[in-house]
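J.: Shown below is the structure under consideration.
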Amino acid sequence: MGNPDCDVTESASTQLEADTLSEAEVTKLMRKIDFHVLPMLFLIYVAAFLDRANISNALTMSLPRELGLTGQQPNTALAVFFVPYIIFEIPSNILMKRFSPHVWLSLCILGFGIVMLCQGFIHNYSGLLATRFFLGFFEAGIFPGSFYLISFWYRRQDSQKRFTIYFCSVILASAFGGLLASAIAKMDGVRGLSNWRWIFILEGILTVLVAVAAFFYVSDFPSEASWLTDAEKQFVLQRTRAHETDSEGKVTRQDLVEFFKDPKNYLGAIMYFSVVVPVYAFAYFTPTIVQTLGYSLIQTQLHSVPPFAAALGMCLVLAYLSDQTDSRLPYVLFSGVLLISGLSILMTIHNNFSVQYAGLCLVSMGANGAGSIVICWYLMNLEGHKQRAIGSGWMISFGNTGGILAPFMFLSKYSPYYRPGYSVCMGVAALGIVASLCYTALILRERHRLPKDGETKKAHVLSF
């Protein structure tokens, strides 16, 4: 929850803000920051996640037959994406700080778009594995890097809405992917190419164009932002306390050792893992699950959209309430209850479409609703470039091991009830609730101990 204890540092910072800009000027500056920081990052990840997850739509078309996929090969192709994605996230964050965000992120999305374009011309399983591997390699820097960047532009009290807006790019891409796929499905045979190839080709071209725009419009860290005046720059640095860590050197081996000594970092990663498993499972397999309810190809793609629309609304409501109350835990727990409720419905109801579809919406709302809150909660409890560079990469990389698990949870042999997949999701959701409670307990213990030692700064920063 919020932090009722005000220390000397915050009082001084607040006084500085009050003396520097009026409330109206602060509001105007925040809008300016929102406009320069969020839209381009949002667009980048819409393109990236659309490219990553569109294979779920292609698998309902003729891709498996044309490439001769058998058994679990489609699932392996989904999972191989996460191998480089997991390995390169922390190194990518370190490199982003060195090369600047607008250069690094635009290079990542450019590579991603080129590989996606190439995926439209593959002819066998090996080609699919190779392109999926390199998609994971290039996307490794985008998601954690964007959260790392956003965390330096906002105070904790202002951060949840912004984190959620960015996280909603995942939901929008998941929903828009179905709509786009339903339109592209009609292009089957155009210029002698199957409709699934056109999905990869057109989205690849779009992503390359986004990469060009990203080079010019991605904002760098506050101290490097050319669109801020000197006074605005100093205000932002003071407000977010980024000036205290802006001169930090390179991440060293000792920094990594110290980071991994803290048990909170393991719990933060587990919390995100518990979100990733159901998010990816349903992002990849919502079309497949909906198809078992008796819909045609086009109807399947269109009926895959509403669960993500419901999740979008839930995320925005929870973000508003979370910032208003300056708390995270209650909304993580509420999302967990929604997720488990939806899974329970899908596991037990098999002959009532309306109830099953409602369960699918609850799962999407619960999993996605918790996602942005968990990331914001953990990341904003870290301080400085070093901790956030390591922490955002660590949390996202560990969590995305769930992306390797997710493709094997809804195998065709488990159709139409998919009990093993739902059971794993429920177990992981329960694990996430336990991890969030343990994380809160460690925060409370740390906040209780630090003031006794005369250290109020960190006790104030940590929140729940």
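We name chains A, B, ... following the order of the structure tokens; residues begin at 1 in each chain, and ligands are numbered from 1 as shown.
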Could you give me, as a VMD selection string, the residues within 7 Å of region 431-436 of chain A, counting only C-alpha atoms and dropping anything in the same chain fewer than 4 positions from it?
T.: chain A and resid 267 270 to 271 274 333 336 427 440
J.: Select from region 159-220 of chain A every residue with an atom at most 12 Å from any atom of region 123-139 of chain A, then for each give the shortest pair of atoms and their distance in Å to one decimal, using only C-alpha atoms, rows by chain and rising number, as a Markdown table.
T.:
| residue | atom | partner | partner_atom | distance |
| --- | --- | --- | --- | --- |
| A:Leu193 | CA | A:His123 | CA | 11.8 |
| A:Ser194 | CA | A:His123 | CA | 11.8 |
| A:Arg197 | CA | A:His123 | CA | 10.4 |
| A:Phe200 | CA | A:Thr131 | CA | 11.0 |
| A:Gly204 | CA | A:Leu135 | CA | 11.1 |
| A:Thr207 | CA | A:Glu139 | CA | 11.9 |
J.: Write out, as a short mmCIF file (atom, residue, chain, number, x, y, z; two decimals), in the first residue's frame, the residues just selected, with all heavy atoms.
T.:
data_model
loop_
_atom_site.label_atom_id
_atom_site.label_comp_id
_atom_site.auth_asym_id
_atom_site.auth_seq_id
_atom_site.Cartn_x
_atom_site.Cartn_y
_atom_site.Cartn_z
N LEU A 193 0.26 -16.93 -53.07
CA LEU A 193 0.70 -17.15 -51.69
C LEU A 193 -0.49 -17.47 -50.79
O LEU A 193 -1.58 -16.91 -50.96
CB LEU A 193 1.42 -15.91 -51.16
CG LEU A 193 2.72 -15.50 -51.88
CD1 LEU A 193 3.24 -14.19 -51.30
CD2 LEU A 193 3.77 -16.60 -51.76
N SER A 194 -0.26 -18.34 -49.83
CA SER A 194 -1.30 -18.69 -48.86
C SER A 194 -1.56 -17.52 -47.93
O SER A 194 -0.70 -16.65 -47.72
CB SER A 194 -0.88 -19.91 -48.05
OG SER A 194 -0.62 -21.02 -48.90
N ARG A 197 0.94 -16.80 -45.11
CA ARG A 197 2.18 -16.11 -45.53
C ARG A 197 1.95 -14.60 -45.58
O ARG A 197 2.82 -13.81 -45.21
CB ARG A 197 2.64 -16.63 -46.90
CG ARG A 197 3.09 -18.09 -46.89
CD ARG A 197 3.66 -18.49 -48.24
NE ARG A 197 4.01 -19.89 -48.26
CZ ARG A 197 5.16 -20.39 -47.81
NH1 ARG A 197 6.08 -19.57 -47.32
NH2 ARG A 197 5.42 -21.69 -47.86
N PHE A 200 2.42 -12.86 -42.18
CA PHE A 200 3.82 -12.58 -41.81
C PHE A 200 4.41 -11.47 -42.67
O PHE A 200 5.13 -10.59 -42.18
CB PHE A 200 4.66 -13.84 -41.95
CG PHE A 200 4.25 -14.96 -41.03
CD1 PHE A 200 4.33 -16.28 -41.44
CD2 PHE A 200 3.80 -14.70 -39.75
CE1 PHE A 200 3.96 -17.32 -40.60
CE2 PHE A 200 3.42 -15.72 -38.90
CZ PHE A 200 3.50 -17.03 -39.33
N GLY A 204 5.30 -7.89 -41.19
CA GLY A 204 6.74 -7.63 -41.22
C GLY A 204 7.05 -6.27 -41.83
O GLY A 204 7.89 -5.51 -41.32
N THR A 207 6.17 -3.55 -39.41
CA THR A 207 7.14 -3.46 -38.31
C THR A 207 8.41 -2.72 -38.74
O THR A 207 8.98 -1.95 -37.96
CB THR A 207 7.48 -4.86 -37.79
OG1 THR A 207 6.27 -5.52 -37.40
CG2 THR A 207 8.43 -4.79 -36.60
#
J.: Residues near region 83-86 of chain A, anyone? I mean within 12 Å using only C-alpha atoms, not counting same-chain ones fewer than 3 positions away, as a count of residues only.
T.: 42
J.: What's the 8 Å shell around Leu105 (chain A), counting only C-alpha atoms, without same-chain residues fewer than 4 positions away, as an MDAnalysis selection string?
T.: chainID A and resid 96 101 109 141:142 145 214:215 218
J.: Got time to write the residues from that selection, C-alpha atoms, as a PDB file, in the first residue's frame?
T.:
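File written: result-v6.pdb
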ATOM      1  CA  MET A  96      20.450   0.186 -24.127  1.00  0.00           C
ATOM      2  CA  PRO A 101      17.080   4.015 -26.067  1.00  0.00           C
ATOM      3  CA  ILE A 109      12.452  -3.646 -33.829  1.00  0.00           C
ATOM      4  CA  GLY A 141      15.403  -5.859 -25.577  1.00  0.00           C
ATOM      5  CA  ILE A 142      12.020  -4.335 -26.314  1.00  0.00           C
ATOM      6  CA  GLY A 145      13.876  -2.088 -22.034  1.00  0.00           C
ATOM      7  CA  ALA A 214      11.189   4.664 -33.660  1.00  0.00           C
ATOM      8  CA  PHE A 215      14.656   6.017 -34.436  1.00  0.00           C
ATOM      9  CA  VAL A 218      11.631   7.154 -29.121  1.00  0.00           C
TER      10      VAL A 218
END
J.: Restricting the calculation to only C-alpha atoms, which member of A:Val210, A:Leu180, A:Ile201, A:Ile94 is positioned closest to Phe42 (chain A)?
T.: A:Val210
J.: Within 8 Å of region 299-315 of chain A, counting only C-alpha atoms, which residues show up once you throw out same-chain ones fewer than 3 positions away? Write them as a PyMOL selection string, please.
T.: chain A and resi 57+164+168+171-172+174-176+178-179+181-182+286-287+290-291+295-296+318-319+360-362+364-366+368-370+372
J.: Would you put the residues from that selection into a file with N, CA, C and O atoms, as a tab-separated table (two decimals), in the first residue's frame?
T.:
chain	number	residue	atom	x	y	z
A	57	ASN	N	-2.66	-17.51	-35.06
A	57	ASN	CA	-3.67	-17.41	-36.10
A	57	ASN	C	-3.27	-18.22	-37.33
A	57	ASN	O	-4.11	-18.88	-37.95
A	164	THR	N	0.53	0.57	-17.15
A	164	THR	CA	-0.63	-0.15	-17.67
A	164	THR	C	-0.92	0.22	-19.11
A	164	THR	O	-1.24	-0.64	-19.94
A	168	CYS	N	-0.92	-2.50	-21.98
A	168	CYS	CA	-2.12	-2.73	-22.79
A	168	CYS	C	-1.79	-2.91	-24.27
A	168	CYS	O	-2.65	-3.36	-25.05
A	171	ILE	N	-2.36	-6.46	-24.91
A	171	ILE	CA	-3.77	-6.81	-25.05
A	171	ILE	C	-4.31	-6.36	-26.40
A	171	ILE	O	-5.02	-7.09	-27.09
A	172	LEU	N	-3.96	-5.12	-26.78
A	172	LEU	CA	-4.43	-4.60	-28.06
A	172	LEU	C	-3.91	-5.45	-29.22
A	172	LEU	O	-4.65	-5.76	-30.15
A	174	SER	N	-3.04	-8.60	-29.08
A	174	SER	CA	-3.71	-9.90	-29.04
A	174	SER	C	-5.09	-9.81	-29.68
A	174	SER	O	-5.51	-10.69	-30.43
A	175	ALA	N	-5.81	-8.73	-29.37
A	175	ALA	CA	-7.16	-8.55	-29.93
A	175	ALA	C	-7.09	-8.18	-31.41
A	175	ALA	O	-7.80	-8.76	-32.24
A	176	PHE	N	-6.22	-7.22	-31.74
A	176	PHE	CA	-6.11	-6.75	-33.12
A	176	PHE	C	-5.59	-7.85	-34.03
A	176	PHE	O	-5.93	-7.91	-35.22
A	178	GLY	N	-6.39	-10.94	-34.02
A	178	GLY	CA	-7.53	-11.72	-34.50
A	178	GLY	C	-8.29	-11.01	-35.60
A	178	GLY	O	-8.67	-11.61	-36.61
A	179	LEU	N	-8.51	-9.70	-35.43
A	179	LEU	CA	-9.22	-8.93	-36.46
A	179	LEU	C	-8.41	-8.87	-37.75
A	179	LEU	O	-8.95	-9.04	-38.85
A	181	ALA	N	-6.04	-10.93	-38.71
A	181	ALA	CA	-5.96	-12.26	-39.33
A	181	ALA	C	-7.24	-12.61	-40.06
A	181	ALA	O	-7.20	-13.25	-41.12
A	182	SER	N	-8.39	-12.20	-39.51
A	182	SER	CA	-9.65	-12.51	-40.17
A	182	SER	C	-9.75	-11.79	-41.52
A	182	SER	O	-10.35	-12.30	-42.47
A	286	THR	N	-6.19	-18.97	-27.58
A	286	THR	CA	-7.58	-18.51	-27.59
A	286	THR	C	-8.27	-18.87	-28.92
A	286	THR	O	-9.40	-19.38	-28.91
A	287	PRO	N	-7.63	-18.63	-30.08
A	287	PRO	CA	-8.29	-19.05	-31.33
A	287	PRO	C	-8.57	-20.55	-31.36
A	287	PRO	O	-9.63	-20.98	-31.82
A	290	VAL	N	-11.47	-21.29	-28.89
A	290	VAL	CA	-12.74	-20.82	-29.45
A	290	VAL	C	-13.19	-21.71	-30.59
A	290	VAL	O	-14.38	-21.98	-30.76
A	291	GLN	N	-12.23	-22.21	-31.36
A	291	GLN	CA	-12.57	-23.07	-32.50
A	291	GLN	C	-13.27	-24.35	-32.05
A	291	GLN	O	-14.11	-24.89	-32.76
A	295	TYR	N	-16.93	-22.82	-34.27
A	295	TYR	CA	-16.94	-21.69	-35.18
A	295	TYR	C	-16.10	-21.95	-36.43
A	295	TYR	O	-15.16	-22.74	-36.42
A	296	SER	N	-16.44	-21.23	-37.50
A	296	SER	CA	-15.65	-21.28	-38.72
A	296	SER	C	-14.35	-20.50	-38.50
A	296	SER	O	-14.17	-19.86	-37.46
A	318	LEU	N	-8.17	-0.99	-12.96
A	318	LEU	CA	-7.26	-1.34	-11.86
A	318	LEU	C	-6.10	-0.36	-11.76
A	318	LEU	O	-5.66	-0.03	-10.65
A	319	ALA	N	-5.60	0.11	-12.89
A	319	ALA	CA	-4.50	1.08	-12.87
A	319	ALA	C	-4.93	2.38	-12.20
A	319	ALA	O	-4.18	2.95	-11.40
A	360	LEU	N	-13.67	-17.63	-20.25
A	360	LEU	CA	-12.53	-17.20	-21.05
A	360	LEU	C	-12.24	-15.72	-20.83
A	360	LEU	O	-11.08	-15.30	-20.72
A	361	CYS	N	-13.29	-14.91	-20.74
A	361	CYS	CA	-13.12	-13.47	-20.47
A	361	CYS	C	-12.53	-13.23	-19.08
A	361	CYS	O	-11.66	-12.38	-18.91
A	362	LEU	N	-13.00	-13.99	-18.08
A	362	LEU	CA	-12.46	-13.84	-16.73
A	362	LEU	C	-10.98	-14.18	-16.67
A	362	LEU	O	-10.20	-13.51	-15.99
A	364	SER	N	-8.81	-13.96	-19.14
A	364	SER	CA	-8.07	-12.88	-19.80
A	364	SER	C	-8.00	-11.64	-18.91
A	364	SER	O	-6.94	-10.99	-18.80
A	365	MET	N	-9.10	-11.30	-18.25
A	365	MET	CA	-9.13	-10.13	-17.36
A	365	MET	C	-8.21	-10.34	-16.16
A	365	MET	O	-7.47	-9.42	-15.77
A	366	GLY	N	-8.23	-11.53	-15.57
A	366	GLY	CA	-7.40	-11.78	-14.39
A	366	GLY	C	-5.92	-11.81	-14.70
A	366	GLY	O	-5.11	-11.18	-14.01
A	368	ASN	N	-4.21	-10.63	-17.46
A	368	ASN	CA	-3.69	-9.35	-17.96
A	368	ASN	C	-3.82	-8.25	-16.92
A	368	ASN	O	-2.98	-7.35	-16.86
A	369	GLY	N	-4.87	-8.31	-16.09
A	369	GLY	CA	-5.04	-7.29	-15.06
A	369	GLY	C	-3.91	-7.27	-14.06
A	369	GLY	O	-3.48	-6.21	-13.59
A	370	ALA	N	-3.40	-8.45	-13.73
A	370	ALA	CA	-2.29	-8.53	-12.78
A	370	ALA	C	-0.94	-8.17	-13.40
A	370	ALA	O	-0.04	-7.71	-12.70
A	372	SER	N	0.49	-5.78	-15.53
A	372	SER	CA	1.13	-4.46	-15.43
A	372	SER	C	1.33	-4.05	-13.98
A	372	SER	O	2.30	-3.36	-13.65
J.: Using only C-alpha atoms, which residues sit within 10 Å of Lys32 (chain A) once same-chain residues fewer than 6 positions away are excluded, as a list of chain:residue names?
T.: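 So, after excluding close chain neighbours, the residues are A:Val26, A:Trp227, A:Leu228.
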J.: Would you write out those residues with all heavy atoms, as an mmCIF file, in the first residue's frame?
T.:
data_model
loop_
_atom_site.group_PDB
_atom_site.id
_atom_site.type_symbol
_atom_site.label_atom_id
_atom_site.label_comp_id
_atom_site.auth_asym_id
_atom_site.auth_seq_id
_atom_site.Cartn_x
_atom_site.Cartn_y
_atom_site.Cartn_z
ATOM 1 N N VAL A 26 2.952 21.736 -13.771
ATOM 2 C CA VAL A 26 3.300 20.323 -13.589
ATOM 3 C C VAL A 26 2.378 19.441 -14.433
ATOM 4 O O VAL A 26 2.831 18.512 -15.114
ATOM 5 C CB VAL A 26 3.202 19.921 -12.105
ATOM 6 C CG1 VAL A 26 3.344 18.402 -11.946
ATOM 7 C CG2 VAL A 26 4.272 20.627 -11.289
ATOM 8 N N TRP A 227 13.959 17.355 -25.992
ATOM 9 C CA TRP A 227 12.695 18.090 -26.102
ATOM 10 C C TRP A 227 12.279 18.748 -24.782
ATOM 11 O O TRP A 227 11.236 19.386 -24.709
ATOM 12 C CB TRP A 227 11.585 17.170 -26.609
ATOM 13 C CG TRP A 227 11.522 15.844 -25.923
ATOM 14 C CD1 TRP A 227 12.179 14.701 -26.286
ATOM 15 C CD2 TRP A 227 10.773 15.522 -24.743
ATOM 16 N NE1 TRP A 227 11.884 13.680 -25.409
ATOM 17 C CE2 TRP A 227 11.025 14.154 -24.460
ATOM 18 C CE3 TRP A 227 9.932 16.236 -23.907
ATOM 19 C CZ2 TRP A 227 10.458 13.504 -23.370
ATOM 20 C CZ3 TRP A 227 9.354 15.600 -22.822
ATOM 21 C CH2 TRP A 227 9.619 14.247 -22.566
ATOM 22 N N LEU A 228 13.086 18.581 -23.733
ATOM 23 C CA LEU A 228 12.842 19.261 -22.463
ATOM 24 C C LEU A 228 13.736 20.497 -22.354
ATOM 25 O O LEU A 228 14.888 20.478 -22.802
ATOM 26 C CB LEU A 228 13.149 18.338 -21.284
ATOM 27 C CG LEU A 228 12.200 17.166 -20.997
ATOM 28 C CD1 LEU A 228 12.732 16.347 -19.823
ATOM 29 C CD2 LEU A 228 10.791 17.650 -20.701
#
J.: Can you pull out every residue from region 72-263 of chain A that DSSP, working from the backbone, puts in alpha helix (DSSP H), and format the result as a ChimeraX atom specification?
T.: /A:73-80,82-87,89-99,101-119,125-139,142-150,156-184,195-217,230-240,253-259,263
J.: Please list as a ChimeraX atom specification every residue within 12 Å of His350 (chain A), counting only C-alpha atoms and excluding residues in the same chain fewer than 4 positions away.
T.: /A:289,292-293,344-346,354-357,359,415-419
J.: In terms of the shortest atom-to-atom distance over only C-alpha atoms, which of A:Tyr378, A:Phe235, A:Tyr266, A:Tyr422 is closest to Gly342 (chain A)?
T.: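 Closest candidate: A:Tyr422.
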J.: Mind giving me the straight-line distance from CA of Leu67 (chain A) to CA of Ser412 (chain A) in Å, one decimal?
T.: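 Those two atoms sit 17.7 Å apart.
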J.: Let me make sure I understand: among A:Ser169, A:Asn351, A:Ser219, A:Gln254, which one has the smallest atom-to-atom distance to Lys386 (chain A) if we use only C-alpha atoms?
T.: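 Result for the nearest residue to Lys386 (chain A): A:Gln254.
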J.: Please, what distance in Å, to one decimal, runs between CA of Ala269 (chain A) and CA of Val37 (chain A)?
T.: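 CA of Ala269 (chain A) sits 25.6 Å away from CA of Val37 (chain A).
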